[in-house]
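Reproduced below: target36.cif, with mmCIF, C-alpha atoms.
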data_protein
loop_
_atom_site.group_PDB
_atom_site.id
_atom_site.type_symbol
_atom_site.label_atom_id
_atom_site.label_comp_id
_atom_site.auth_asym_id
_atom_site.auth_seq_id
_atom_site.Cartn_x
_atom_site.Cartn_y
_atom_site.Cartn_z
ATOM 1 C CA MET A 769 -32.121 72.296 -49.414
ATOM 2 C CA HIS A 770 -35.382 70.433 -49.755
ATOM 3 C CA ILE A 771 -35.764 66.652 -49.467
ATOM 4 C CA ARG A 772 -38.861 65.124 -51.038
ATOM 5 C CA GLU A 773 -40.083 61.770 -52.258
ATOM 6 C CA ALA A 774 -39.125 60.969 -55.866
ATOM 7 C CA HIS A 775 -41.161 59.241 -58.525
ATOM 8 C CA ILE A 776 -40.573 57.860 -62.006
ATOM 9 C CA GLN A 777 -40.781 61.331 -63.580
ATOM 10 C CA ASP A 778 -37.744 62.401 -61.488
ATOM 11 C CA TRP A 779 -35.515 59.828 -63.145
ATOM 12 C CA ASP A 780 -34.313 62.190 -65.896
ATOM 13 C CA ALA A 781 -32.885 64.460 -63.200
ATOM 14 C CA ILE A 782 -31.473 61.618 -61.075
ATOM 15 C CA TRP A 783 -29.889 59.703 -63.959
ATOM 16 C CA PRO A 784 -26.835 61.990 -64.463
ATOM 17 C CA ILE A 785 -26.020 61.629 -60.748
ATOM 18 C CA PHE A 786 -26.514 57.862 -60.863
ATOM 19 C CA GLN A 787 -24.439 57.561 -64.016
ATOM 20 C CA SER A 788 -21.504 59.601 -62.728
ATOM 21 C CA VAL A 789 -21.333 57.563 -59.508
ATOM 22 C CA VAL A 790 -21.738 54.184 -61.195
ATOM 23 C CA GLN A 791 -19.331 54.883 -64.049
ATOM 24 C CA ALA A 792 -16.616 55.818 -61.542
ATOM 25 C CA GLY A 793 -16.953 52.266 -60.188
ATOM 26 C CA GLU A 794 -15.453 53.166 -56.839
ATOM 27 C CA THR A 795 -18.416 52.947 -54.489
ATOM 28 C CA TYR A 796 -21.471 51.030 -55.720
ATOM 29 C CA ALA A 797 -22.014 47.430 -56.736
ATOM 30 C CA TYR A 798 -23.722 48.350 -59.984
ATOM 31 C CA ASP A 799 -22.424 47.441 -63.398
ATOM 32 C CA PRO A 800 -20.745 50.564 -64.867
ATOM 33 C CA SER A 801 -22.565 49.842 -68.134
ATOM 34 C CA THR A 802 -26.021 49.971 -66.496
ATOM 35 C CA THR A 803 -28.456 51.571 -68.951
ATOM 36 C CA LYS A 804 -30.822 54.398 -68.089
ATOM 37 C CA GLU A 805 -33.748 51.991 -68.135
ATOM 38 C CA GLN A 806 -31.985 49.456 -65.890
ATOM 39 C CA GLY A 807 -31.008 52.260 -63.539
ATOM 40 C CA LEU A 808 -34.636 53.295 -63.208
ATOM 41 C CA ALA A 809 -35.556 49.764 -62.186
ATOM 42 C CA LEU A 810 -32.693 49.583 -59.664
ATOM 43 C CA TRP A 811 -33.025 53.017 -58.090
ATOM 44 C CA ILE A 812 -36.769 53.775 -58.286
ATOM 45 C CA SER A 813 -38.879 50.726 -59.148
ATOM 46 C CA ALA A 814 -37.269 48.052 -56.937
ATOM 47 C CA PRO A 815 -36.812 50.078 -53.725
ATOM 48 C CA ARG A 816 -39.684 50.791 -51.372
ATOM 49 C CA LYS A 817 -39.024 54.552 -51.399
ATOM 50 C CA THR A 818 -36.755 56.948 -53.288
ATOM 51 C CA TYR A 819 -36.043 60.549 -52.297
ATOM 52 C CA VAL A 820 -34.255 63.492 -53.881
ATOM 53 C CA ALA A 821 -32.595 66.543 -52.386
ATOM 54 C CA GLU A 822 -33.124 69.776 -54.315
ATOM 55 C CA VAL A 823 -31.230 73.058 -54.096
ATOM 56 C CA ASN A 824 -32.743 76.000 -55.984
ATOM 57 C CA GLY A 825 -34.990 73.575 -57.825
ATOM 58 C CA HIS A 826 -32.071 71.411 -58.995
ATOM 59 C CA THR A 827 -31.781 67.741 -58.025
ATOM 60 C CA VAL A 828 -28.374 67.399 -56.351
ATOM 61 C CA ALA A 829 -28.630 64.145 -54.381
ATOM 62 C CA THR A 830 -30.810 61.069 -53.972
ATOM 63 C CA TYR A 831 -31.345 58.006 -51.847
ATOM 64 C CA TYR A 832 -33.422 54.850 -51.864
ATOM 65 C CA LEU A 833 -34.740 52.753 -49.003
ATOM 66 C CA LYS A 834 -35.623 49.086 -49.348
ATOM 67 C CA THR A 835 -36.264 46.063 -47.161
ATOM 68 C CA ASN A 836 -32.902 44.312 -46.970
ATOM 69 C CA GLN A 837 -34.085 40.714 -46.571
ATOM 70 C CA ALA A 838 -37.593 39.276 -46.862
ATOM 71 C CA GLY A 839 -39.486 37.266 -44.246
ATOM 72 C CA PRO A 840 -37.402 36.748 -41.080
ATOM 73 C CA GLY A 841 -35.116 39.639 -42.110
ATOM 74 C CA ALA A 842 -37.789 42.158 -43.087
ATOM 75 C CA HIS A 843 -37.338 44.367 -39.992
ATOM 76 C CA VAL A 844 -33.967 45.576 -41.339
ATOM 77 C CA CYS A 845 -33.800 48.069 -44.204
ATOM 78 C CA ASN A 846 -31.047 49.055 -46.607
ATOM 79 C CA CYS A 847 -30.346 52.464 -48.122
ATOM 80 C CA GLY A 848 -28.091 53.864 -50.814
ATOM 81 C CA TYR A 849 -27.120 57.530 -51.254
ATOM 82 C CA MET A 850 -25.698 59.425 -54.213
ATOM 83 C CA VAL A 851 -24.594 63.056 -54.376
ATOM 84 C CA ALA A 852 -23.885 64.915 -57.638
ATOM 85 C CA PRO A 853 -20.134 65.559 -58.090
ATOM 86 C CA GLN A 854 -20.602 69.341 -57.993
ATOM 87 C CA ALA A 855 -22.613 69.169 -54.759
ATOM 88 C CA ARG A 856 -20.197 67.179 -52.608
ATOM 89 C CA GLY A 857 -18.629 68.421 -49.384
ATOM 90 C CA GLN A 858 -21.772 70.255 -48.285
ATOM 91 C CA GLY A 859 -23.190 67.697 -45.876
ATOM 92 C CA LEU A 860 -25.786 66.312 -48.282
ATOM 93 C CA ALA A 861 -24.951 62.639 -47.695
ATOM 94 C CA SER A 862 -25.191 63.220 -43.978
ATOM 95 C CA ALA A 863 -28.546 65.031 -44.316
ATOM 96 C CA LEU A 864 -29.939 62.269 -46.526
ATOM 97 C CA CYS A 865 -28.743 59.565 -44.152
ATOM 98 C CA GLU A 866 -30.416 61.280 -41.186
ATOM 99 C CA HIS A 867 -33.581 61.696 -43.258
ATOM 100 C CA SER A 868 -33.539 58.029 -44.253
ATOM 101 C CA GLN A 869 -33.151 56.922 -40.639
ATOM 102 C CA ASN A 870 -36.250 58.885 -39.651
ATOM 103 C CA LEU A 871 -38.139 57.464 -42.616
ATOM 104 C CA ALA A 872 -37.030 53.942 -41.691
ATOM 105 C CA LYS A 873 -38.339 54.366 -38.161
ATOM 106 C CA GLU A 874 -41.649 55.763 -39.457
ATOM 107 C CA LEU A 875 -41.973 52.712 -41.712
ATOM 108 C CA GLY A 876 -41.400 50.418 -38.738
ATOM 109 C CA TYR A 877 -37.884 49.153 -39.424
ATOM 110 C CA LEU A 878 -35.766 48.267 -36.400
ATOM 111 C CA ALA A 879 -32.331 48.543 -38.025
ATOM 112 C CA MET A 880 -30.490 49.723 -41.138
ATOM 113 C CA GLN A 881 -27.752 47.814 -42.934
ATOM 114 C CA PHE A 882 -25.258 48.814 -45.614
ATOM 115 C CA ASN A 883 -24.267 45.586 -47.346
ATOM 116 C CA PHE A 884 -21.268 46.553 -49.387
ATOM 117 C CA VAL A 885 -19.187 49.607 -48.452
ATOM 118 C CA ALA A 886 -15.833 49.611 -50.245
ATOM 119 C CA SER A 887 -13.168 49.791 -47.529
ATOM 120 C CA SER A 888 -11.239 52.154 -49.826
ATOM 121 C CA ASN A 889 -14.112 54.642 -49.574
ATOM 122 C CA THR A 890 -12.737 55.954 -46.282
ATOM 123 C CA GLY A 891 -14.817 59.142 -46.395
ATOM 124 C CA ALA A 892 -18.036 57.133 -46.451
ATOM 125 C CA VAL A 893 -16.853 54.712 -43.772
ATOM 126 C CA ARG A 894 -15.975 57.633 -41.486
ATOM 127 C CA LEU A 895 -19.280 59.377 -42.192
ATOM 128 C CA TRP A 896 -21.401 56.299 -41.487
ATOM 129 C CA GLN A 897 -19.509 55.709 -38.263
ATOM 130 C CA LYS A 898 -20.113 59.314 -37.229
ATOM 131 C CA LEU A 899 -23.820 58.737 -37.900
ATOM 132 C CA GLY A 900 -23.887 55.697 -35.629
ATOM 133 C CA PHE A 901 -23.231 52.807 -38.006
ATOM 134 C CA GLU A 902 -20.834 50.106 -36.885
ATOM 135 C CA PRO A 903 -18.762 47.874 -39.122
ATOM 136 C CA VAL A 904 -20.165 44.398 -38.361
ATOM 137 C CA GLY A 905 -18.540 42.515 -41.196
ATOM 138 C CA GLN A 906 -15.550 42.614 -43.495
ATOM 139 C CA LEU A 907 -15.673 40.742 -46.827
ATOM 140 C CA PRO A 908 -12.150 39.923 -47.996
ATOM 141 C CA LYS A 909 -11.318 41.247 -51.473
ATOM 142 C CA ALA A 910 -15.032 41.457 -52.325
ATOM 143 C CA PHE A 911 -14.831 44.839 -54.111
ATOM 144 C CA ARG A 912 -12.930 45.287 -57.375
ATOM 145 C CA HIS A 913 -11.745 48.895 -57.334
ATOM 146 C CA PRO A 914 -10.853 50.339 -60.768
ATOM 147 C CA THR A 915 -7.357 51.440 -59.690
ATOM 148 C CA LEU A 916 -6.662 49.726 -56.345
ATOM 149 C CA GLY A 917 -7.708 46.224 -57.455
ATOM 150 C CA LEU A 918 -9.454 43.877 -55.034
ATOM 151 C CA VAL A 919 -10.189 45.562 -51.706
ATOM 152 C CA ASP A 920 -12.313 44.471 -48.755
ATOM 153 C CA ALA A 921 -15.947 45.502 -48.489
ATOM 154 C CA LEU A 922 -17.537 46.360 -45.163
ATOM 155 C CA VAL A 923 -20.980 45.550 -43.829
ATOM 156 C CA MET A 924 -22.217 48.424 -41.648
ATOM 157 C CA TYR A 925 -25.203 48.308 -39.327
ATOM 158 C CA LYS A 926 -27.194 50.543 -37.010
ATOM 159 C CA TRP A 927 -29.936 49.572 -34.613
ATOM 160 C CA LEU A 928 -32.644 52.233 -34.937
ATOM 161 C CA ALA A 929 -35.263 51.147 -32.431
ATOM 162 C CA ASP A 930 -35.121 52.401 -28.859
ATOM 163 C CA SER A 931 -34.854 48.942 -27.385
ATOM 164 C CA MET B 828 -27.454 10.380 -55.761
ATOM 165 C CA HIS B 829 -27.368 12.357 -58.987
ATOM 166 C CA ILE B 830 -26.898 16.142 -59.188
ATOM 167 C CA ARG B 831 -28.079 17.828 -62.373
ATOM 168 C CA GLU B 832 -29.027 21.271 -63.599
ATOM 169 C CA ALA B 833 -32.678 22.197 -63.009
ATOM 170 C CA HIS B 834 -35.039 24.097 -65.269
ATOM 171 C CA ILE B 835 -38.514 25.595 -65.013
ATOM 172 C CA GLN B 836 -40.165 22.213 -65.515
ATOM 173 C CA ASP B 837 -38.482 20.940 -62.326
ATOM 174 C CA TRP B 838 -40.264 23.493 -60.187
ATOM 175 C CA ASP B 839 -43.218 21.209 -59.386
ATOM 176 C CA ALA B 840 -40.789 18.779 -57.749
ATOM 177 C CA ILE B 841 -38.733 21.485 -56.007
ATOM 178 C CA TRP B 842 -41.689 23.465 -54.680
ATOM 179 C CA PRO B 843 -42.628 21.087 -51.793
ATOM 180 C CA ILE B 844 -39.024 21.273 -50.554
ATOM 181 C CA PHE B 845 -38.943 25.057 -50.911
ATOM 182 C CA GLN B 846 -42.289 25.402 -49.187
ATOM 183 C CA SER B 847 -41.417 23.216 -46.211
ATOM 184 C CA VAL B 848 -38.158 25.112 -45.616
ATOM 185 C CA VAL B 849 -39.672 28.574 -46.073
ATOM 186 C CA GLN B 850 -42.800 27.905 -44.016
ATOM 187 C CA ALA B 851 -40.665 26.770 -41.080
ATOM 188 C CA GLY B 852 -39.143 30.271 -41.134
ATOM 189 C CA GLU B 853 -36.009 29.185 -39.306
ATOM 190 C CA THR B 854 -33.345 29.416 -41.975
ATOM 191 C CA TYR B 855 -34.167 31.490 -45.058
ATOM 192 C CA ALA B 856 -34.991 35.147 -45.572
ATOM 193 C CA TYR B 857 -38.039 34.405 -47.683
ATOM 194 C CA ASP B 858 -41.546 35.410 -46.729
ATOM 195 C CA PRO B 859 -43.299 32.280 -45.350
ATOM 196 C CA SER B 860 -46.328 33.201 -47.480
ATOM 197 C CA THR B 861 -44.303 33.137 -50.735
ATOM 198 C CA THR B 862 -46.534 31.722 -53.489
ATOM 199 C CA LYS B 863 -45.515 28.947 -55.855
ATOM 200 C CA GLU B 864 -45.147 31.473 -58.677
ATOM 201 C CA GLN B 865 -43.029 33.838 -56.579
ATOM 202 C CA GLY B 866 -40.901 30.898 -55.458
ATOM 203 C CA LEU B 867 -40.196 29.975 -59.067
ATOM 204 C CA ALA B 868 -38.962 33.508 -59.723
ATOM 205 C CA LEU B 869 -36.766 33.482 -56.608
ATOM 206 C CA TRP B 870 -35.282 30.010 -56.896
ATOM 207 C CA ILE B 871 -35.084 29.382 -60.665
ATOM 208 C CA SER B 872 -35.603 32.541 -62.719
ATOM 209 C CA ALA B 873 -33.491 35.062 -60.781
ATOM 210 C CA PRO B 874 -30.418 32.900 -60.050
ATOM 211 C CA ARG B 875 -27.790 32.202 -62.670
ATOM 212 C CA LYS B 876 -28.036 28.420 -62.160
ATOM 213 C CA THR B 877 -30.242 26.025 -60.219
ATOM 214 C CA TYR B 878 -29.474 22.356 -59.540
ATOM 215 C CA VAL B 879 -31.336 19.414 -58.054
ATOM 216 C CA ALA B 880 -30.167 16.244 -56.344
ATOM 217 C CA GLU B 881 -32.129 13.126 -57.212
ATOM 218 C CA VAL B 882 -32.235 9.774 -55.440
ATOM 219 C CA ASN B 883 -34.038 6.971 -57.271
ATOM 220 C CA GLY B 884 -35.537 9.556 -59.609
ATOM 221 C CA HIS B 885 -36.949 11.663 -56.753
ATOM 222 C CA THR B 886 -35.890 15.257 -56.214
ATOM 223 C CA VAL B 887 -34.604 15.422 -52.643
ATOM 224 C CA ALA B 888 -32.492 18.591 -52.534
ATOM 225 C CA THR B 889 -31.734 21.712 -54.536
ATOM 226 C CA TYR B 890 -29.445 24.708 -54.728
ATOM 227 C CA TYR B 891 -29.118 27.939 -56.655
ATOM 228 C CA LEU B 892 -26.060 29.972 -57.573
ATOM 229 C CA LYS B 893 -26.169 33.685 -58.356
ATOM 230 C CA THR B 894 -23.822 36.639 -58.626
ATOM 231 C CA ASN B 895 -23.952 38.250 -55.197
ATOM 232 C CA GLN B 896 -23.301 41.868 -56.190
ATOM 233 C CA ALA B 897 -23.140 43.440 -59.645
ATOM 234 C CA GLY B 898 -20.285 45.422 -61.146
ATOM 235 C CA PRO B 899 -17.341 45.728 -58.718
ATOM 236 C CA GLY B 900 -18.715 42.800 -56.672
ATOM 237 C CA ALA B 901 -19.473 40.414 -59.536
ATOM 238 C CA HIS B 902 -16.531 38.093 -58.831
ATOM 239 C CA VAL B 903 -18.287 36.800 -55.680
ATOM 240 C CA CYS B 904 -21.229 34.411 -55.922
ATOM 241 C CA ASN B 905 -23.956 33.445 -53.499
ATOM 242 C CA CYS B 906 -25.664 30.065 -53.106
ATOM 243 C CA GLY B 907 -28.643 28.688 -51.216
ATOM 244 C CA TYR B 908 -29.318 25.009 -50.443
ATOM 245 C CA MET B 909 -32.487 23.187 -49.424
ATOM 246 C CA VAL B 910 -32.903 19.535 -48.500
ATOM 247 C CA ALA B 911 -36.280 17.791 -48.228
ATOM 248 C CA PRO B 912 -37.168 17.031 -44.581
ATOM 249 C CA GLN B 913 -37.177 13.267 -45.168
ATOM 250 C CA ALA B 914 -33.710 13.367 -46.801
ATOM 251 C CA ARG B 915 -31.776 15.201 -44.093
ATOM 252 C CA GLY B 916 -28.800 13.781 -42.229
ATOM 253 C CA GLN B 917 -27.408 12.015 -45.285
ATOM 254 C CA GLY B 918 -24.789 14.520 -46.339
ATOM 255 C CA LEU B 919 -26.828 16.082 -49.140
ATOM 256 C CA ALA B 920 -26.206 19.693 -48.092
ATOM 257 C CA SER B 921 -22.512 18.983 -47.941
ATOM 258 C CA ALA B 922 -22.542 17.310 -51.371
ATOM 259 C CA LEU B 923 -24.473 20.189 -52.911
ATOM 260 C CA CYS B 924 -22.157 22.756 -51.367
ATOM 261 C CA GLU B 925 -19.083 20.983 -52.744
ATOM 262 C CA HIS B 926 -20.796 20.761 -56.138
ATOM 263 C CA SER B 927 -21.655 24.462 -56.071
ATOM 264 C CA GLN B 928 -18.070 25.420 -55.244
ATOM 265 C CA ASN B 929 -16.813 23.517 -58.285
ATOM 266 C CA LEU B 930 -19.509 25.124 -60.433
ATOM 267 C CA ALA B 931 -18.589 28.563 -59.090
ATOM 268 C CA LYS B 932 -14.939 28.047 -60.020
ATOM 269 C CA GLU B 933 -15.918 26.822 -63.504
ATOM 270 C CA LEU B 934 -18.009 29.978 -63.950
ATOM 271 C CA GLY B 935 -15.034 32.119 -62.965
ATOM 272 C CA TYR B 936 -16.079 33.287 -59.493
ATOM 273 C CA LEU B 937 -13.285 33.980 -57.029
ATOM 274 C CA ALA B 938 -15.276 33.650 -53.806
ATOM 275 C CA MET B 939 -18.613 32.520 -52.377
ATOM 276 C CA GLN B 940 -20.627 34.412 -49.776
ATOM 277 C CA PHE B 941 -23.613 33.435 -47.635
ATOM 278 C CA ASN B 942 -25.325 36.689 -46.709
ATOM 279 C CA PHE B 943 -27.727 35.694 -44.002
ATOM 280 C CA VAL B 944 -27.126 32.541 -41.945
ATOM 281 C CA ALA B 945 -29.290 32.479 -38.809
ATOM 282 C CA SER B 946 -26.908 32.094 -35.874
ATOM 283 C CA SER B 947 -29.488 29.760 -34.297
ATOM 284 C CA ASN B 948 -28.984 27.374 -37.227
ATOM 285 C CA THR B 949 -25.926 25.870 -35.543
ATOM 286 C CA GLY B 950 -25.923 22.774 -37.739
ATOM 287 C CA ALA B 951 -25.551 24.892 -40.870
ATOM 288 C CA VAL B 952 -22.923 27.164 -39.314
ATOM 289 C CA ARG B 953 -20.867 24.122 -38.307
ATOM 290 C CA LEU B 954 -21.256 22.517 -41.728
ATOM 291 C CA TRP B 955 -20.226 25.644 -43.631
ATOM 292 C CA GLN B 956 -17.195 26.042 -41.382
ATOM 293 C CA LYS B 957 -16.240 22.421 -41.998
ATOM 294 C CA LEU B 958 -16.459 23.151 -45.734
ATOM 295 C CA GLY B 959 -14.101 26.111 -45.435
ATOM 296 C CA PHE B 960 -16.424 29.075 -44.935
ATOM 297 C CA GLU B 961 -15.479 31.637 -42.333
ATOM 298 C CA PRO B 962 -17.850 33.886 -40.424
ATOM 299 C CA VAL B 963 -16.816 37.367 -41.615
ATOM 300 C CA GLY B 964 -19.757 39.306 -40.226
ATOM 301 C CA GLN B 965 -22.378 39.199 -37.509
ATOM 302 C CA LEU B 966 -25.596 41.196 -37.925
ATOM 303 C CA PRO B 967 -27.132 41.941 -34.534
ATOM 304 C CA LYS B 968 -30.723 40.720 -34.139
ATOM 305 C CA ALA B 969 -31.167 40.677 -37.922
ATOM 306 C CA PHE B 970 -33.079 37.376 -38.059
ATOM 307 C CA ARG B 971 -36.535 36.983 -36.535
ATOM 308 C CA HIS B 972 -36.758 33.340 -35.485
ATOM 309 C CA PRO B 973 -40.319 32.004 -35.057
ATOM 310 C CA THR B 974 -39.694 30.729 -31.511
ATOM 311 C CA LEU B 975 -36.399 32.288 -30.374
ATOM 312 C CA GLY B 976 -37.243 35.867 -31.402
ATOM 313 C CA LEU B 977 -34.554 38.164 -32.773
ATOM 314 C CA VAL B 978 -31.240 36.374 -33.209
ATOM 315 C CA ASP B 979 -28.025 37.425 -34.944
ATOM 316 C CA ALA B 980 -27.392 36.521 -38.572
ATOM 317 C CA LEU B 981 -23.938 35.591 -39.819
ATOM 318 C CA VAL B 982 -22.205 36.463 -43.061
ATOM 319 C CA MET B 983 -19.987 33.551 -44.151
ATOM 320 C CA TYR B 984 -17.357 33.671 -46.871
ATOM 321 C CA LYS B 985 -14.920 31.423 -48.673
ATOM 322 C CA TRP B 986 -12.195 32.405 -51.102
ATOM 323 C CA LEU B 987 -12.308 29.854 -53.933
ATOM 324 C CA ALA B 988 -9.502 30.930 -56.200
ATOM 325 C CA ASP B 989 -6.008 29.524 -55.738
ATOM 326 C CA SER B 990 -4.450 32.918 -55.171
#

Rewrite the structure from the file as structure tokens, please.
Amino acid sequence: MHIREAHIQDWDAIWPIFQSVVQAGETYAYDPSTTKEQGLALWISAPRKTYVAEVNGHTVATYYLKTNQAGPGAHVCNCGYMVAPQARGQGLASALCEHSQNLAKELGYLAMQFNFVASSNTGAVRLWQKLGFEPVGQLPKAFRHPTLGLVDALVMYKWLADS
Amino acid sequence: MHIREAHIQDWDAIWPIFQSVVQAGETYAYDPSTTKEQGLALWISAPRKTYVAEVNGHTVATYYLKTNQAGPGAHVCNCGYMVAPQARGQGLASALCEHSQNLAKELGYLAMQFNFVASSNTGAVRLWQKLGFEPVGQLPKAFRHPTLGLVDALVMYKWLADS
């Protein structure tokens, strides 16, 4: 597995992953009807950095890193991770999250925040906790799950700097 | 005091308020060096609605309303309020917040969320609590205050719908 920085020309390979995750509507606060062009803006153009994970030359996972808030909040970054359905259960999300934490520190960020983790996504919540993220907020009924209805969303946070 | 919807041509009157609040760096996650053009994009173009409060024909306060998260989070809105320095202490923030809650309900939102309230901004925290917002999250050292250094930021939330 090889993790490398992604650019606009990688979007064709990332798009099927993005689309499958977003259409499921269970994890990300993106409109399920997001077009390929809008997705490019959200996942590659707007973030500060985007990376892909490749296995045997195939793009199987991706993440972005962006500054979470401007000005007085600019020392905290935000990341999002997506793994292709056929590549799940192999530790890719974990590997990408570790990679993103190192990148964040290199870029000078002091902390990382996940703004909107569906509480129903228990696998992700457990994984982020294992990787050192703490739930620091719980937004009542803020996530509309396609089958469960309105569920809470969690804010998760990890201080990255040594002090 | 008259509250009305604002448009691009109101930006000249809003900008001095925006600039004084953002340059102080004590309350909003905007870069203090935000230009007038960037401010217009942030405060008027990007939000779904922007309003101003006028007293004797002068713009003295303003707020925006936007959808806080897309897709599965699109039933929760976010607002930001700014009052001109010379017009503070007269209940304008409170009036604008009440106005924005009614607008949010008219637009079909079920809840309102403030993503990033500096914990050092005790006046705002108290006011939002008085108006029914609860602190639902606390982000450790997420706000860099110009004199106090790194302070916590609060996430505040109010359910607007009847059920």

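Taking CA of Gly950 in chain B and CA of Ser927 in chain B as endpoints, the distance between them is 18.9 Å.
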
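Distances here use all atoms listed in the file; by that measure, the residue among B:Val982, B:Val849, B:Ile830, B:Leu937 closest to Cys924 in chain B is B:Ile830.
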
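Closest approach to Cys845 in chain A from the set A:Ser888, A:Gln906, A:Gln897, A:Gln881 is made by A:Gln881, with distances taken over only C-alpha atoms.
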
- request: With a distance threshold of 7 Å and counting all atoms listed in the file, extract the residues of chain B near chain A and express them as a list of chain:residue names.
  value: B:Gly852, B:Ala856, B:Tyr857, B:Asp858, B:Pro859, B:Gln896, B:Ala897, B:Gly898, B:Pro899, B:Gly900, B:Val903, B:Val963, B:Gly964, B:Gln965, B:Leu966, B:Ala969, B:Phe970, B:Arg971, B:His972

Convert the current residue selection to file output with C-alpha atoms, as a compact mmCIF listing (two decimals), in the frame of the given file.
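Written output follows (out_14.txt):
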# COMPACT_ATOMS: atom_id res chain seq x y z
CA GLY B 852 -39.14 30.27 -41.13
CA ALA B 856 -34.99 35.15 -45.57
CA TYR B 857 -38.04 34.40 -47.68
CA ASP B 858 -41.55 35.41 -46.73
CA PRO B 859 -43.30 32.28 -45.35
CA GLN B 896 -23.30 41.87 -56.19
CA ALA B 897 -23.14 43.44 -59.64
CA GLY B 898 -20.28 45.42 -61.15
CA PRO B 899 -17.34 45.73 -58.72
CA GLY B 900 -18.72 42.80 -56.67
CA VAL B 903 -18.29 36.80 -55.68
CA VAL B 963 -16.82 37.37 -41.62
CA GLY B 964 -19.76 39.31 -40.23
CA GLN B 965 -22.38 39.20 -37.51
CA LEU B 966 -25.60 41.20 -37.92
CA ALA B 969 -31.17 40.68 -37.92
CA PHE B 970 -33.08 37.38 -38.06
CA ARG B 971 -36.53 36.98 -36.53
CA HIS B 972 -36.76 33.34 -35.48

query: Expanded to explicit residues, what is the PyMOL selection byres ((chain B and resi 880) around 8) for this file, as a VMD selection string?
result: chain B and resid 828 to 831 878 to 879 881 to 882 886 to 889 919 923

- prompt: Could you write out as a PyMOL selection string the residues that the PyMOL selection byres ((chain A and resi 783) around 10) matches in the shown file?
  reply: chain A and resi 778-782+784-789+803-805+807-808+811

- request: List the residues selected by the PyMOL selection byres ((chain A and resi 848) around 6) in the file shown, writing them as a PyMOL selection string.
  value: chain A and resi 831-832+847+849

task: Could you pull out every residue with an atom within 7 Å of (-22.2, 62.0, -50.1), file coordinates, counting only C-alpha atoms, and send them as an NGL selection string?
output: :A and (849-851 or 856 or 860-862)

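Separating CA of Val919 in chain A from CA of Phe882 in chain A is a distance of 16.6 Å.
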
Atom-to-atom span, CA of Ala792 in chain A and CA of Asp989 in chain B, Å: 28.9 Å
